[in-house]
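start-v2.pdb follows; it contains PDB, C-alpha atoms.
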ATOM      1  CA  MET Y  84     -45.952  73.034 102.729  1.00  0.00           C
ATOM      2  CA  ASN Y  85     -47.026  69.436 103.101  1.00  0.00           C
ATOM      3  CA  LYS Y  86     -50.205  69.411 105.199  1.00  0.00           C
ATOM      4  CA  ARG Y  87     -49.172  66.190 106.933  1.00  0.00           C
ATOM      5  CA  LEU Y  88     -45.619  67.153 107.841  1.00  0.00           C
ATOM      6  CA  TRP Y  89     -46.701  67.364 111.491  1.00  0.00           C
ATOM      7  CA  LEU Y  90     -47.063  63.571 111.479  1.00  0.00           C
ATOM      8  CA  LEU Y  91     -43.273  63.094 111.409  1.00  0.00           C
ATOM      9  CA  PRO Y  92     -42.527  64.690 114.793  1.00  0.00           C
ATOM     10  CA  ALA Y  93     -45.745  63.186 116.195  1.00  0.00           C
ATOM     11  CA  LEU Y  94     -44.608  59.719 115.139  1.00  0.00           C
ATOM     12  CA  ALA Y  95     -41.100  60.344 116.483  1.00  0.00           C
ATOM     13  CA  SER Y  96     -42.615  61.360 119.816  1.00  0.00           C
ATOM     14  CA  ALA Y  97     -44.842  58.279 119.981  1.00  0.00           C
ATOM     15  CA  LEU Y  98     -41.987  55.911 119.119  1.00  0.00           C
ATOM     16  CA  PHE Y  99     -39.598  57.506 121.593  1.00  0.00           C
ATOM     17  CA  LEU Y 100     -42.295  57.492 124.276  1.00  0.00           C
ATOM     18  CA  ALA Y 101     -42.901  53.771 123.695  1.00  0.00           C
ATOM     19  CA  PHE Y 102     -39.172  53.044 123.874  1.00  0.00           C
ATOM     20  CA  SER Y 103     -38.781  55.180 126.999  1.00  0.00           C
ATOM     21  CA  LEU Y 104     -41.673  53.434 128.726  1.00  0.00           C
ATOM     22  CA  ARG Y 105     -40.130  50.063 127.896  1.00  0.00           C
ATOM     23  CA  VAL Y 106     -36.824  51.166 129.389  1.00  0.00           C
ATOM     24  CA  LEU Y 107     -38.598  52.590 132.439  1.00  0.00           C
ATOM     25  CA  LEU Y 108     -40.440  49.325 133.026  1.00  0.00           C
ATOM     26  CA  THR Y 109     -37.382  47.107 132.568  1.00  0.00           C
ATOM     27  CA  GLU Y 110     -34.692  49.297 134.149  1.00  0.00           C
ATOM     28  CA  GLY Y 111     -36.691  51.228 136.748  1.00  0.00           C
ATOM     29  CA  ALA Y 112     -37.049  54.945 137.365  1.00  0.00           C
ATOM     30  CA  LEU Y 113     -33.852  55.307 139.391  1.00  0.00           C
ATOM     31  CA  GLY Y 114     -31.771  54.015 136.486  1.00  0.00           C
ATOM     32  CA  LEU Y 115     -32.041  57.412 134.805  1.00  0.00           C
ATOM     33  CA  VAL Y 116     -30.694  59.229 137.839  1.00  0.00           C
ATOM     34  CA  GLU Y 117     -27.906  56.685 138.334  1.00  0.00           C
ATOM     35  CA  ALA Y 118     -26.917  56.876 134.667  1.00  0.00           C
ATOM     36  CA  HIS Y 119     -26.579  60.656 134.826  1.00  0.00           C
ATOM     37  CA  MET Y 120     -24.440  60.600 137.973  1.00  0.00           C
ATOM     38  CA  ARG Y 121     -21.733  58.136 136.948  1.00  0.00           C
ATOM     39  CA  ASN Y 122     -18.901  60.406 135.851  1.00  0.00           C
ATOM     40  CA  GLY Y 123     -17.940  63.654 134.163  1.00  0.00           C
ATOM     41  CA  TRP Y 124     -18.999  62.461 130.726  1.00  0.00           C
ATOM     42  CA  THR Y 125     -22.529  61.723 131.837  1.00  0.00           C
ATOM     43  CA  HIS Y 126     -22.660  65.177 133.430  1.00  0.00           C
ATOM     44  CA  GLN Y 127     -21.455  66.657 130.151  1.00  0.00           C
ATOM     45  CA  ILE Y 128     -24.125  64.773 128.192  1.00  0.00           C
ATOM     46  CA  THR Y 129     -26.826  65.896 130.627  1.00  0.00           C
ATOM     47  CA  ILE Y 130     -25.790  69.545 130.373  1.00  0.00           C
ATOM     48  CA  ASP Y 131     -25.565  69.209 126.593  1.00  0.00           C
ATOM     49  CA  LEU Y 132     -29.100  67.779 126.352  1.00  0.00           C
ATOM     50  CA  PHE Y 133     -30.577  70.466 128.587  1.00  0.00           C
ATOM     51  CA  SER Y 134     -28.748  73.162 126.619  1.00  0.00           C
ATOM     52  CA  CYS Y 135     -30.068  71.853 123.305  1.00  0.00           C
ATOM     53  CA  GLY Y 136     -33.575  71.591 124.738  1.00  0.00           C
ATOM     54  CA  ILE Y 137     -33.497  75.175 125.962  1.00  0.00           C
ATOM     55  CA  LEU Y 138     -32.125  76.382 122.623  1.00  0.00           C
ATOM     56  CA  GLY Y 139     -34.853  74.467 120.774  1.00  0.00           C
ATOM     57  CA  LEU Y 140     -37.534  75.995 122.984  1.00  0.00           C
ATOM     58  CA  PHE Y 141     -36.073  79.457 122.447  1.00  0.00           C
ATOM     59  CA  CYS Y 142     -36.133  78.964 118.653  1.00  0.00           C
ATOM     60  CA  ALA Y 143     -39.630  77.425 118.580  1.00  0.00           C
ATOM     61  CA  ALA Y 144     -41.342  80.081 120.732  1.00  0.00           C
ATOM     62  CA  PRO Y 145     -41.672  82.756 118.000  1.00  0.00           C
ATOM     63  CA  HIS Y 146     -43.224  80.201 115.627  1.00  0.00           C
ATOM     64  CA  ALA Y 147     -45.646  79.075 118.325  1.00  0.00           C
ATOM     65  CA  ARG Y 148     -46.684  82.640 119.149  1.00  0.00           C
ATOM     66  CA  LYS Y 149     -47.151  83.424 115.446  1.00  0.00           C
ATOM     67  CA  TYR Y 150     -49.830  80.737 115.271  1.00  0.00           C
ATOM     68  CA  GLY Y 151     -51.432  81.558 118.625  1.00  0.00           C
ATOM     69  CA  ILE Y 152     -49.834  78.744 120.615  1.00  0.00           C
ATOM     70  CA  ASN Y 153     -48.821  79.530 124.196  1.00  0.00           C
ATOM     71  CA  PRO Y 154     -45.231  78.236 124.496  1.00  0.00           C
ATOM     72  CA  VAL Y 155     -45.266  77.962 128.311  1.00  0.00           C
ATOM     73  CA  PRO Y 156     -47.074  74.612 128.712  1.00  0.00           C
ATOM     74  CA  TRP Y 157     -45.076  73.132 125.865  1.00  0.00           C
ATOM     75  CA  SER Y 158     -41.843  74.339 127.461  1.00  0.00           C
ATOM     76  CA  VAL Y 159     -42.812  72.707 130.761  1.00  0.00           C
ATOM     77  CA  LEU Y 160     -43.667  69.466 128.944  1.00  0.00           C
ATOM     78  CA  THR Y 161     -40.321  69.554 127.136  1.00  0.00           C
ATOM     79  CA  MET Y 162     -38.375  70.196 130.344  1.00  0.00           C
ATOM     80  CA  LEU Y 163     -40.137  67.250 132.003  1.00  0.00           C
ATOM     81  CA  THR Y 164     -39.962  64.779 129.126  1.00  0.00           C
ATOM     82  CA  GLY Y 165     -37.135  66.004 126.887  1.00  0.00           C
ATOM     83  CA  ALA Y 166     -37.379  65.119 123.221  1.00  0.00           C
ATOM     84  CA  ILE Y 167     -40.771  63.438 123.672  1.00  0.00           C
ATOM     85  CA  GLY Y 168     -42.369  66.752 124.637  1.00  0.00           C
ATOM     86  CA  PHE Y 169     -40.385  68.755 122.120  1.00  0.00           C
ATOM     87  CA  PHE Y 170     -41.473  66.491 119.253  1.00  0.00           C
ATOM     88  CA  VAL Y 171     -45.111  66.954 120.317  1.00  0.00           C
ATOM     89  CA  TYR Y 172     -44.564  70.729 120.489  1.00  0.00           C
ATOM     90  CA  ALA Y 173     -43.079  70.730 116.979  1.00  0.00           C
ATOM     91  CA  ALA Y 174     -45.961  68.607 115.715  1.00  0.00           C
ATOM     92  CA  ARG Y 175     -48.458  71.061 117.211  1.00  0.00           C
ATOM     93  CA  ILE Y 176     -46.743  74.060 115.596  1.00  0.00           C
ATOM     94  CA  LEU Y 177     -46.644  72.327 112.202  1.00  0.00           C
ATOM     95  CA  TYR Y 178     -50.269  71.194 112.505  1.00  0.00           C
ATOM     96  CA  VAL Y 179     -51.545  74.680 113.373  1.00  0.00           C
ATOM     97  CA  ARG Y 180     -49.370  76.177 110.632  1.00  0.00           C
ATOM     98  CA  SER Y 181     -50.776  73.819 108.008  1.00  0.00           C
ATOM     99  CA  ALA Y 182     -54.334  74.564 109.164  1.00  0.00           C
ATOM    100  CA  ALA Y 183     -53.646  78.312 108.948  1.00  0.00           C
ATOM    101  CA  GLU Y 184     -52.180  77.978 105.466  1.00  0.00           C
ATOM    102  CA  SER Y 185     -55.145  75.859 104.311  1.00  0.00           C
ATOM    103  CA  SER Y 186     -57.638  78.435 105.536  1.00  0.00           C
ATOM    104  CA  GLN Y 187     -55.814  81.205 103.635  1.00  0.00           C
ATOM    105  CA  SER Y 188     -56.021  79.424 100.295  1.00  0.00           C
TER     106      SER Y 188
END

Encoding of this model in C-alpha cells:
Amino acid sequence: MNKRLWLLPALASALFLAFSLRVLLTEGALGLVEAHMRNGWTHQITIDLFSCGILGLFCAAPHARKYGINPVPWSVLTMLTGAIGFFVYAARILYVRSAAESSQS
C-alpha cells in the first residue's frame, strides 16, 4: 500500500473545512439550520447524509479497532462535523495502517 495514501483524505478534510468555514463566516451559523428545514427534500437530504455517515462509521470501526484506534471519539467528531471528521478518521486509519505495515517489513 502507498505509505502516503492517508494524505488524500487529510487533504479532502482540510479543503472541506476551509470551504465550510468560509460559508459559516459569510452565511452565518443559522443558515445551516434554515437550509435543512425548508421542505421535504432538504429533510430527505439530511436523513440521507446522516444515514451514510452512520454506515461509514459502522464500516470503519473494525479497521480502526484492528490498528488499535478507539472509534468512539472519531464517531463523535464525525457526527458533529460530518465529512470533515470522517475524512480525518479515514486518514488516521490509513496512517496507522501504513505505519504498521512499515514496521512489519

Applying the PyMOL selection byres ((chain Y and resi 180) around 12) to the file I just gave you, which residues come out? Please list them as a short mmCIF file (atom, residue, chain, number, x, y, z; two decimals) with C-alpha atoms, in the coordinates of the input.
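Okay, part.cif is ready:
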data_model
loop_
_atom_site.label_atom_id
_atom_site.label_comp_id
_atom_site.auth_asym_id
_atom_site.auth_seq_id
_atom_site.Cartn_x
_atom_site.Cartn_y
_atom_site.Cartn_z
CA MET Y 84 -45.95 73.03 102.73
CA ASN Y 85 -47.03 69.44 103.10
CA LYS Y 86 -50.20 69.41 105.20
CA ARG Y 87 -49.17 66.19 106.93
CA LEU Y 88 -45.62 67.15 107.84
CA TRP Y 89 -46.70 67.36 111.49
CA HIS Y 146 -43.22 80.20 115.63
CA ALA Y 147 -45.65 79.08 118.32
CA ARG Y 148 -46.68 82.64 119.15
CA LYS Y 149 -47.15 83.42 115.45
CA TYR Y 150 -49.83 80.74 115.27
CA GLY Y 151 -51.43 81.56 118.62
CA ILE Y 152 -49.83 78.74 120.62
CA ALA Y 173 -43.08 70.73 116.98
CA ALA Y 174 -45.96 68.61 115.72
CA ARG Y 175 -48.46 71.06 117.21
CA ILE Y 176 -46.74 74.06 115.60
CA LEU Y 177 -46.64 72.33 112.20
CA TYR Y 178 -50.27 71.19 112.50
CA VAL Y 179 -51.54 74.68 113.37
CA SER Y 181 -50.78 73.82 108.01
CA ALA Y 182 -54.33 74.56 109.16
CA ALA Y 183 -53.65 78.31 108.95
CA GLU Y 184 -52.18 77.98 105.47
CA SER Y 185 -55.14 75.86 104.31
CA SER Y 186 -57.64 78.44 105.54
CA GLN Y 187 -55.81 81.20 103.64
#

Do you have the atom CA of Y:Ala118-atom CA of Y:Val155 distance handy?
-> 28.7 Å

Go through Y:Val159, Y:Leu132, Y:Cys142, Y:Leu100 one by one, measure the shortest atom-to-atom distance of each to Y:His119 using all atoms listed in the file, and give the residue with the smallest value.
->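 Between Y:Val159, Y:Leu132, Y:Cys142, Y:Leu100, the residue approaching Y:His119 most closely is Y:Leu132.
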
Measuring atom to atom with only C-alpha atoms, identify which of Y:Pro145, Y:Gly136, Y:Gly123, Y:Gly114 is nearest to Y:Thr164.
->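 Answer, going by the shortest atom-to-atom distance: Y:Gly136.
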
I need the residue set behind the PyMOL selection byres ((chain Y and resi 96) around 12) for this file; please write it as number ranges by chain.
-> Y: 89-95, 97-104, 161, 164-175

Stretch 139-157 of chain Y, all listed atoms, 8 Å padding on each side: what axis-aligned box centre and edge lengths in Å to one decimal come out, as lines of an AutoDock Vina configuration file?
center_x = -43.1
center_y = 78.3
center_z = 122.0
size_x = 32.6
size_y = 26.3
size_z = 29.4

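Taking atom CA of Y:Pro156 and atom CA of Y:Cys135 as the two end points, the separation is 18.1 Å.
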
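Excluding Y:Leu115 itself and same-chain residues fewer than 5 positions from it, the residues having an atom within 12 Å of it are Ser103, Val106, Leu107, Leu108, Thr109, Glu110, Met120, Arg121, Thr125 and Thr129 of chain Y, counting only C-alpha atoms.
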
Distance atom CA of Y:Ala112-atom CA of Y:Leu138, one decimal place?
->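 Going from atom CA of Y:Ala112 over to atom CA of Y:Leu138, I get 26.5 Å.
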
For Y:Pro154, which residue out of Y:Phe133, Y:Phe141, Y:His126, Y:Glu117 is the nearest one, using all atoms listed in the file?
-> Y:Phe141
